[in-house]
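Undergrad: Below is the file final-v4.cif, which contains mmCIF, C-alpha atoms and all ligand atoms.
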```
data_query
#
loop_
_atom_site.label_atom_id
_atom_site.label_comp_id
_atom_site.auth_asym_id
_atom_site.auth_seq_id
_atom_site.Cartn_x
_atom_site.Cartn_y
_atom_site.Cartn_z
CA MET I 1 107.04 100.42 120.66
CA THR I 2 105.34 97.03 120.93
CA GLU I 3 102.26 96.51 118.83
CA GLN I 4 98.92 96.35 120.53
CA ALA I 5 97.65 92.85 121.29
CA LEU I 6 94.83 91.38 119.20
CA ARG I 7 91.91 90.31 121.38
CA LEU I 8 90.64 86.77 120.74
CA GLY I 9 87.18 86.05 122.18
CA THR I 10 86.77 82.48 123.41
CA ARG I 11 84.44 80.35 125.47
CA ARG I 12 85.87 79.17 128.78
CA SER I 13 85.52 75.42 128.33
CA LYS I 14 88.69 73.37 128.26
CA LEU I 15 88.01 72.50 124.62
CA ALA I 16 87.41 76.12 123.61
CA LEU I 17 90.52 77.30 125.44
CA ALA I 18 92.62 74.56 123.81
CA GLN I 19 91.49 75.43 120.30
CA SER I 20 91.69 79.17 120.90
CA GLY I 21 95.21 78.75 122.27
CA GLN I 22 96.28 76.97 119.07
CA VAL I 23 94.73 79.65 116.88
CA ALA I 24 96.23 82.41 119.03
CA ASN I 25 99.73 81.06 118.33
CA ALA I 26 99.06 80.78 114.60
CA VAL I 27 97.58 84.29 114.41
CA SER I 28 100.44 85.80 116.31
CA GLN I 29 102.83 84.17 113.84
CA VAL I 30 101.11 85.52 110.75
CA THR I 31 100.45 89.00 112.15
CA GLY I 32 103.59 89.45 114.27
CA ARG I 33 101.30 90.76 117.02
CA PRO I 34 100.66 89.31 120.46
CA VAL I 35 97.20 87.74 120.96
CA GLU I 36 95.34 88.03 124.22
CA LEU I 37 92.46 85.66 125.15
CA VAL I 38 89.20 87.29 126.30
CA GLU I 39 86.93 84.73 128.00
CA ILE I 40 83.22 85.03 127.31
CA THR I 41 80.36 82.95 128.73
CA THR I 42 77.69 81.86 126.23
CA TYR I 43 74.12 80.71 126.83
CA GLY I 44 75.10 77.17 125.83
CA ASP I 45 77.65 77.12 128.67
CA THR I 46 75.23 78.08 131.42
CA SER I 47 71.96 76.45 130.33
CA ARG I 48 71.43 72.96 131.73
CA GLU I 49 68.76 72.11 129.17
CA HIS I 50 69.35 69.59 126.44
CA LEU I 51 70.62 71.23 123.29
CA ALA I 52 67.85 69.70 121.22
CA GLN I 53 65.38 71.54 123.48
CA ILE I 54 67.00 74.96 123.50
CA GLY I 55 67.06 74.77 119.73
CA GLY I 56 70.79 74.39 119.39
CA THR I 57 71.19 77.12 116.82
CA GLY I 58 73.87 79.51 117.89
CA VAL I 59 73.71 78.95 121.65
CA PHE I 60 77.51 78.76 121.82
CA VAL I 61 78.23 81.65 119.47
CA THR I 62 75.80 84.51 120.04
CA ALA I 63 77.67 86.05 122.97
CA LEU I 64 80.96 85.89 121.05
CA ARG I 65 79.36 87.54 118.03
CA ASP I 66 77.85 90.28 120.17
CA ALA I 67 81.31 91.01 121.62
CA LEU I 68 82.73 91.21 118.07
CA LEU I 69 80.01 93.62 116.97
CA ARG I 70 80.58 95.81 120.04
CA GLY I 71 84.31 95.93 119.24
CA GLU I 72 85.24 94.27 122.56
CA ILE I 73 87.23 91.61 120.75
CA ASP I 74 88.99 91.55 117.37
CA PHE I 75 88.22 87.97 116.39
CA ALA I 76 86.57 84.83 117.69
CA VAL I 77 87.24 81.12 117.29
CA HIS I 78 84.28 78.76 116.99
CA SER I 79 83.86 75.04 116.43
CA LEU I 80 82.45 75.25 112.93
CA LYS I 81 79.78 72.66 113.67
CA ASP I 82 78.30 74.93 116.35
CA LEU I 83 77.98 77.86 113.93
CA PRO I 84 74.53 78.60 112.44
CA THR I 85 74.51 78.37 108.65
CA ALA I 86 73.19 81.93 108.20
CA GLN I 87 76.15 84.30 108.17
CA PRO I 88 75.42 87.81 109.54
CA ASP I 89 76.32 90.57 107.01
CA ASP I 90 78.55 92.45 109.41
CA LEU I 91 80.74 89.43 110.28
CA VAL I 92 82.95 87.25 108.07
CA LEU I 93 84.56 83.85 108.37
CA ALA I 94 88.06 85.13 107.77
CA ALA I 95 89.62 81.64 107.91
CA VAL I 96 88.70 77.99 108.11
CA PRO I 97 91.99 76.24 108.96
CA LEU I 98 92.88 72.69 107.92
CA ARG I 99 90.32 70.34 109.40
CA GLU I 100 91.39 67.58 111.72
CA ASP I 101 89.82 64.13 112.11
CA PRO I 102 86.10 64.62 111.36
CA ARG I 103 85.01 61.25 112.82
CA ASP I 104 83.04 60.44 115.91
CA VAL I 105 84.63 58.12 118.43
CA LEU I 106 83.46 55.78 121.15
CA VAL I 107 84.75 55.81 124.70
CA ALA I 108 83.53 52.54 126.20
CA ARG I 109 84.19 50.54 129.33
CA ASP I 110 86.72 47.71 129.12
CA GLY I 111 88.13 48.97 125.83
CA LEU I 112 85.07 47.82 123.89
CA ALA I 113 84.49 48.69 120.24
CA PHE I 114 80.97 49.65 119.18
CA ALA I 115 80.29 46.26 117.53
CA GLU I 116 81.40 44.49 120.73
CA LEU I 117 78.88 46.20 123.03
CA PRO I 118 76.65 43.66 124.79
CA ASN I 119 72.91 43.68 124.19
CA GLY I 120 71.19 46.35 126.21
CA ALA I 121 74.33 48.49 126.42
CA ARG I 122 73.62 52.07 127.47
CA VAL I 123 75.26 54.51 125.05
CA GLY I 124 75.29 58.20 125.95
CA THR I 125 74.95 61.01 123.43
CA GLY I 126 72.86 64.16 123.29
CA SER I 127 72.96 64.25 119.53
CA PRO I 128 69.92 63.11 117.51
CA ARG I 129 72.29 62.59 114.55
CA ARG I 130 74.40 60.13 116.51
CA MET I 131 71.35 58.40 117.99
CA ALA I 132 69.77 57.91 114.57
CA GLN I 133 72.85 56.39 113.01
CA LEU I 134 73.92 54.26 115.99
CA ASN I 135 70.42 52.87 116.38
CA ALA I 136 70.21 52.17 112.65
CA TYR I 137 73.52 50.30 112.77
CA ALA I 138 72.37 48.29 115.78
CA ARG I 139 69.08 47.33 114.09
CA ASN I 140 70.91 46.22 110.96
CA HIS I 141 73.38 44.12 112.92
CA GLY I 142 71.06 42.38 115.35
CA MET I 143 72.26 44.40 118.34
CA THR I 144 70.10 46.10 120.91
CA ILE I 145 71.43 49.26 122.48
CA GLU I 146 69.80 51.98 124.51
CA THR I 147 70.82 55.50 123.56
CA VAL I 148 70.72 57.81 126.57
CA ALA I 149 70.48 61.61 126.19
CA ILE I 150 73.38 63.30 127.98
CA ARG I 151 75.17 66.59 127.68
CA GLY I 152 78.07 68.37 129.28
CA ASN I 153 81.65 68.98 128.36
CA VAL I 154 83.98 66.27 127.09
CA ASP I 155 85.37 65.43 130.56
CA THR I 156 81.86 65.17 132.02
CA ARG I 157 80.76 62.83 129.26
CA ILE I 158 83.78 60.55 129.65
CA GLY I 159 83.01 60.57 133.39
CA TYR I 160 79.70 58.74 132.79
CA VAL I 161 81.69 55.73 131.57
CA ARG I 162 84.28 55.99 134.32
CA ASN I 163 81.62 55.99 137.06
CA GLY I 164 79.73 53.08 135.49
CA GLU I 165 76.51 54.96 134.71
CA LEU I 166 76.89 54.25 131.01
CA ASP I 167 78.63 51.56 128.99
CA ALA I 168 79.85 54.03 126.39
CA VAL I 169 79.64 57.61 125.17
CA VAL I 170 80.12 59.03 121.68
CA LEU I 171 82.19 62.16 121.10
CA ALA I 172 83.94 64.00 118.29
CA ALA I 173 87.52 62.84 117.68
CA ALA I 174 88.62 66.44 117.18
CA GLY I 175 87.38 67.53 120.59
CA ILE I 176 88.91 64.65 122.51
CA ASN I 177 92.20 65.13 120.63
CA ARG I 178 92.30 68.85 121.30
CA ILE I 179 91.97 68.40 125.06
CA GLY I 180 94.63 65.70 125.04
CA ARG I 181 92.43 62.76 126.03
CA SER I 182 92.61 60.70 122.83
CA ASP I 183 93.98 57.74 124.80
CA GLU I 184 90.43 57.28 126.16
CA VAL I 185 89.12 56.37 122.70
CA THR I 186 88.16 52.70 122.36
CA ASP I 187 86.80 52.83 118.79
CA PHE I 188 86.95 55.23 115.86
CA LEU I 189 83.54 55.09 114.19
CA SER I 190 83.81 54.72 110.45
CA VAL I 191 82.09 57.51 108.54
CA ASP I 192 80.33 54.71 106.66
CA THR I 193 78.56 53.94 109.95
CA VAL I 194 78.21 57.41 111.44
CA LEU I 195 78.52 60.48 109.25
CA PRO I 196 79.79 63.40 111.34
CA ALA I 197 77.98 66.69 111.84
CA PRO I 198 78.45 69.21 109.01
CA GLY I 199 81.71 71.03 109.73
CA GLN I 200 82.81 68.67 112.49
CA GLY I 201 86.53 68.81 113.22
CA ALA I 202 86.93 72.24 111.62
CA LEU I 203 87.37 75.62 113.30
CA ALA I 204 86.06 78.97 112.12
CA ILE I 205 87.85 82.25 112.74
CA GLU I 206 85.38 85.12 112.57
CA CYS I 207 85.88 88.85 112.62
CA ALA I 208 84.04 92.07 111.78
CA ALA I 209 83.42 92.58 108.05
CA ASP I 210 84.94 96.08 108.13
CA ASN I 211 88.27 94.95 109.61
CA ALA I 212 90.03 94.63 106.24
CA ASP I 213 93.61 94.45 107.56
CA LEU I 214 92.82 91.65 109.97
CA ILE I 215 90.76 89.76 107.34
CA ALA I 216 93.74 89.88 104.98
CA ALA I 217 96.15 88.63 107.67
CA LEU I 218 93.83 85.83 108.84
CA ALA I 219 93.36 84.62 105.24
CA GLU I 220 96.80 83.03 105.55
CA LEU I 221 95.33 80.52 108.00
CA ASP I 222 92.58 79.45 105.60
CA ASP I 223 92.68 76.00 104.03
CA PRO I 224 90.72 76.29 100.76
CA LEU I 225 89.84 72.59 100.49
CA THR I 226 88.59 72.44 104.07
CA ARG I 227 86.55 75.54 103.37
CA ALA I 228 85.11 74.04 100.18
CA ALA I 229 84.19 70.83 102.01
CA VAL I 230 82.54 72.50 104.99
CA THR I 231 80.76 74.96 102.69
CA ALA I 232 79.17 72.05 100.80
CA GLU I 233 78.24 70.31 104.08
CA ARG I 234 76.69 73.44 105.55
CA SER I 235 74.87 74.22 102.32
CA LEU I 236 73.24 70.78 102.58
CA LEU I 237 72.22 71.53 106.16
CA ALA I 238 70.81 74.93 105.21
CA ALA I 239 68.92 73.57 102.20
CA LEU I 240 67.35 70.89 104.41
CA GLU I 241 66.30 73.78 106.66
CA ALA I 242 67.79 71.93 109.60
CA GLY I 243 69.57 73.35 112.62
CA CYS I 244 72.76 72.08 114.22
CA SER I 245 70.75 69.88 116.59
CA ALA I 246 68.82 68.13 113.77
CA PRO I 247 69.62 64.50 112.96
CA VAL I 248 71.69 65.47 109.91
CA GLY I 249 75.15 64.13 109.10
CA ALA I 250 77.29 65.28 106.19
CA LEU I 251 80.83 64.86 104.99
CA ALA I 252 82.56 66.12 101.86
CA ASP I 253 85.83 64.56 100.77
CA LEU I 254 87.99 64.34 97.68
CA LEU I 255 88.00 61.35 95.34
CA ALA I 256 91.38 60.74 93.78
CA ASP I 257 92.67 58.47 91.05
CA GLY I 258 96.17 57.76 92.27
CA GLN I 259 97.70 61.17 92.96
CA ILE I 260 95.23 63.05 90.83
CA VAL I 261 92.24 64.55 92.62
CA LYS I 262 89.19 63.98 90.46
CA GLU I 263 86.07 65.07 92.28
CA MET I 264 84.51 66.15 95.50
CA ARG I 265 82.04 63.73 97.01
CA LEU I 266 79.36 64.88 99.44
CA ARG I 267 77.59 62.32 101.60
CA GLY I 268 74.54 63.13 103.68
CA VAL I 269 72.20 61.38 106.08
CA VAL I 270 68.96 62.21 107.87
CA GLY I 271 67.11 59.80 110.10
CA THR I 272 64.71 59.23 112.93
CA THR I 273 66.46 58.99 116.30
CA ASP I 274 65.29 55.39 116.77
CA GLY I 275 67.18 54.46 113.62
CA SER I 276 64.15 52.85 111.98
CA THR I 277 64.48 55.06 108.89
CA LEU I 278 67.53 56.69 107.36
CA VAL I 279 67.83 58.62 104.12
CA GLN I 280 71.47 58.37 103.13
CA LEU I 281 72.69 59.62 99.76
CA SER I 282 75.80 60.93 98.12
CA THR I 283 76.64 63.04 95.12
CA THR I 284 79.86 64.02 93.38
CA GLY I 285 80.94 67.04 91.39
CA PRO I 286 84.05 68.87 90.22
CA VAL I 287 86.29 70.05 93.08
CA PRO I 288 84.69 73.43 93.87
CA GLU I 289 86.79 76.43 92.93
CA THR I 290 84.32 78.96 94.22
CA TYR I 291 82.07 79.32 97.20
CA ASP I 292 79.04 79.15 94.89
CA GLN I 293 80.12 75.81 93.42
CA ALA I 294 80.50 74.33 96.89
CA MET I 295 77.07 75.66 97.84
CA ALA I 296 75.57 74.14 94.69
CA LEU I 297 76.85 70.67 95.61
CA GLY I 298 75.08 70.89 98.97
CA ARG I 299 71.84 72.13 97.44
CA GLU I 300 71.89 69.37 94.85
CA LEU I 301 72.22 66.65 97.50
CA ALA I 302 69.56 68.31 99.65
CA ALA I 303 67.12 68.26 96.75
CA GLU I 304 67.73 64.53 96.25
CA MET I 305 67.34 63.82 99.97
CA LEU I 306 64.14 65.87 100.20
CA ALA I 307 62.77 63.94 97.21
CA LYS I 308 63.37 60.77 99.25
CA GLY I 309 61.40 62.09 102.20
CA ALA I 310 64.14 63.70 104.31
CA ALA I 311 61.89 66.51 105.56
CA GLY I 312 59.55 64.09 107.29
CA LEU I 313 62.41 62.59 109.31
CA MET I 314 63.78 65.73 110.86
CA GLY I 315 61.08 66.14 113.46
CA GLU I 316 60.68 69.53 114.98
CA ARG I 317 62.66 72.15 113.15
CA ALA I 318 64.94 74.26 115.29
CA HIS I 319 63.65 77.34 113.44
N1 LIG M 1 78.65 69.72 120.41
C1 LIG M 1 79.72 70.39 121.09
C2 LIG M 1 80.99 70.30 120.32
N2 LIG M 1 81.29 71.24 119.40
C3 LIG M 1 82.48 70.87 118.80
C4 LIG M 1 82.90 69.68 119.37
C5 LIG M 1 84.08 68.91 119.03
C6 LIG M 1 85.10 69.52 118.14
C7 LIG M 1 84.68 69.68 116.70
O1 LIG M 1 83.83 68.98 116.15
O2 LIG M 1 85.29 70.55 116.07
C8 LIG M 1 81.98 69.32 120.35
C9 LIG M 1 82.06 68.15 121.24
C10 LIG M 1 81.56 66.85 120.67
O3 LIG M 1 80.68 66.82 119.80
O4 LIG M 1 82.03 65.79 121.14
#
```
Please re-express this file's structure in structure tokens.
TA:
Amino acid sequence: MTEQALRLGTRRSKLALAQSGQVANAVSQVTGRPVELVEITTYGDTSREHLAQIGGTGVFVTALRDALLRGEIDFAVHSLKDLPTAQPDDLVLAAVPLREDPRDVLVARDGLAFAELPNGARVGTGSPRRMAQLNAYARNHGMTIETVAIRGNVDTRIGYVRNGELDAVVLAAAGINRIGRSDEVTDFLSVDTVLPAPGQGALAIECAADNADLIAALAELDDPLTRAAVTAERSLLAALEAGCSAPVGALADLLADGQIVKEMRLRGVVGTTDGSTLVQLSTTGPVPETYDQAMALGRELAAEMLAKGAAGLMGERAH
């Protein structure tokens, strides 16, 4: 008798299907069971509004979570950066696999790097976080750029450069890699210039809290250091009371002395979208061994950023 297939709920976008396909293979290896993809349309997929306007929080995940709670699917794969920081009691993040490249990248005409863009260049991004940091960099380097609010899937956004409407667009490296279009990248933006969104480049595998057998099996796909890093980043976001469409960047990484890992560093930034003001700070602490320690690192940095006026820069709160 063949074992019953596990049902993996996924969005239908090319990116979602690519990352769900990868996870499906990994899950079928660790469980020995076949995995079947169940495609689900979310509000974020159908709404044509700008994410900053619809609030951002959870627009890509609510329909998947509802399907989990109704028992229509066994687990769901999300881009961690799209996941609201509040975790519902009846669902658990069973695994956060090893994160891939967390950076943002530029896709520009004529192979241009960001610093080579001509004055007046039109740079497309729907993300207030990217706008704030790109505009701040431009101001500090005597460049003038015009950030243009766009949205749409990765192919659509690259299309704006191809058809000449924009000089460049900014995307997540992880997304462009996962759909196999990394040869379009003309510049990898240093995290010293643009801190990524909290959780960027990481996936989250979520299932119902009462599904103990599946939770135990999925735990094999968890990467504890990725989980510690994204937990600190998301704790910062939560403590700033910001949503995923707020102009907040964060990245946790490990500081090593030779081969020996010494500390975890958490960097954070909040700014106005015109780039005229940025609050950018970092803190370090022991490499977290528990969820609570990772959370504490994020809260500590948030407190320092709030003391420097971060709250006043976030504009309208998503919630
Ligand atoms: N905002 C949508 C979104 N959610 C996750 C990714 C990319 C993959 C990731 O960060 O894991 C993207 C596209 C992008 O920002 O370019």
Undergrad: Which residue, I:Ala24, I:Leu278, I:Ile179, I:Leu306, has the smallest gap to ligand LIG 1 (chain M) when you use all atoms listed in the file?
TA: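 Checking each candidate against ligand LIG 1 (chain M), we get I:Ile179 as the closest.
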Undergrad: Residues contacting ligand LIG 1 (chain M) - anything with an atom at most 7 Å away, using all atoms listed in the file - can you give me those as a list in words?
TA: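 My answer, listing the contacting residues, is Ser79, Leu80, Lys81, Asp82, Pro102, Val154, Leu171, Ala172, Ala174, Gly175, Gln200, Gly201, Ala202 and Leu203 of chain I.
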Undergrad: Kindly give the distance, in Å, that separates CA of Ala250 (chain I) and CA of Ala86 (chain I), rounded to a single decimal.
TA: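 Result for CA of Ala250 (chain I) versus CA of Ala86 (chain I): 17.3 Å, one decimal.
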Undergrad: Select, from I:Ala228, I:Ala302, I:Ala209, I:Leu69, the residue with the minimum atom-to-atom distance to Leu91 (chain I), counting all atoms listed in the file.
TA: I:Ala209
Undergrad: Calculate how many Å separate CA of Ala303 (chain I) from CA of Asp89 (chain I), rounding to one decimal.
TA: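 So the two atoms, CA of Ala303 (chain I) and CA of Asp89 (chain I), lie 26.2 Å apart.
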Undergrad: What separation in Å, quoted to one decimal, exists between CA of Asn119 (chain I) and CA of Asn177 (chain I)?
TA: 29.1 Å
Undergrad: Please work out which residues fall within 9 Å of (80.7, 55.3, 123.5), coordinates as given in the file, with all atoms listed in the file counting, and return them as a list in words.
TA: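 These residues have at least one counted atom within 9 Å: Val105, Leu106, Val107, Ala108, Arg109, Leu112, Ala113, Phe114, Arg122, Val123, Gly124, Thr125, Ile158, Val161, Leu166, Asp167, Ala168, Val169, Val170, Leu171, Val185, Thr186 and Asp187 of chain I.
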Undergrad: Which residue gives the smallest distance to Ser127 (chain I) among I:Glu241, I:Asp104, I:Asp74, I:Asp192, with all atoms listed in the file counted?
TA: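 Among I:Glu241, I:Asp104, I:Asp74, I:Asp192, it is I:Asp104 that comes nearest to Ser127 (chain I).
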Undergrad: When you count only C-alpha atoms, which of these residues is closest to Ala95 (chain I): I:Ala132, I:Ala16, I:Ile40, I:Phe75?
TA: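 For Ala95 (chain I), the nearest of the candidates is I:Phe75.
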Undergrad: Smallest atom-to-atom distance to Thr231 (chain I): which of I:Ala204, I:Leu189, I:Val269, I:Ile215, using only C-alpha atoms?
TA: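 Among the listed residues, the smallest separation from Thr231 (chain I) belongs to I:Ala204.
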Undergrad: Per residue of region 185-301 of chain I within 12 Å of region 144-150 of chain I, what are the shortest atom pair and its distance in Å to one decimal, counting only C-alpha atoms, with rows by chain and residue number, as JSON lines?
TA:
```
{"residue": "I:Thr273", "atom": "CA", "partner": "I:Thr147", "partner_atom": "CA", "distance": 9.2}
{"residue": "I:Asp274", "atom": "CA", "partner": "I:Thr147", "partner_atom": "CA", "distance": 8.8}
{"residue": "I:Gly275", "atom": "CA", "partner": "I:Thr147", "partner_atom": "CA", "distance": 10.6}
```
Undergrad: Closest to Ala121 (chain I) among I:Asp292, I:Met143, I:Leu297, I:Gln133, using all atoms listed in the file?
TA: I:Met143
Undergrad: Within 12 Å of (86.1, 61.6, 94.2), in the coordinates the file gives, what residues turn up when you count only C-alpha atoms, written out as JSON, numbers by chain?
TA: {"I": [252, 253, 254, 255, 256, 257, 258, 259, 260, 261, 262, 263, 264, 265, 266, 267, 282, 283, 284, 285, 286, 287, 288]}
Undergrad: Could you name the residues that touch Leu240 (chain I) at 8 Å or less, counting only C-alpha atoms, but leaving out those on the same chain fewer than 2 positions away, as a PyMOL selection string?
TA: chain I and resi 236-238+242+302+306+310-311
Undergrad: Any idea what's packed within 7 Å of Val270 (chain I), counting only C-alpha atoms, ignoring anything in its chain fewer than 4 positions away? Could you give it as a PyMOL selection string?
TA: chain I and resi 247-249+278-280+310+313-314
Undergrad: Just want the 8 Å neighbourhood of region 26-30 of chain I, counted on only C-alpha atoms, with same-chain residues fewer than 4 positions away dropped. Output as a count of residues only.
TA: 7
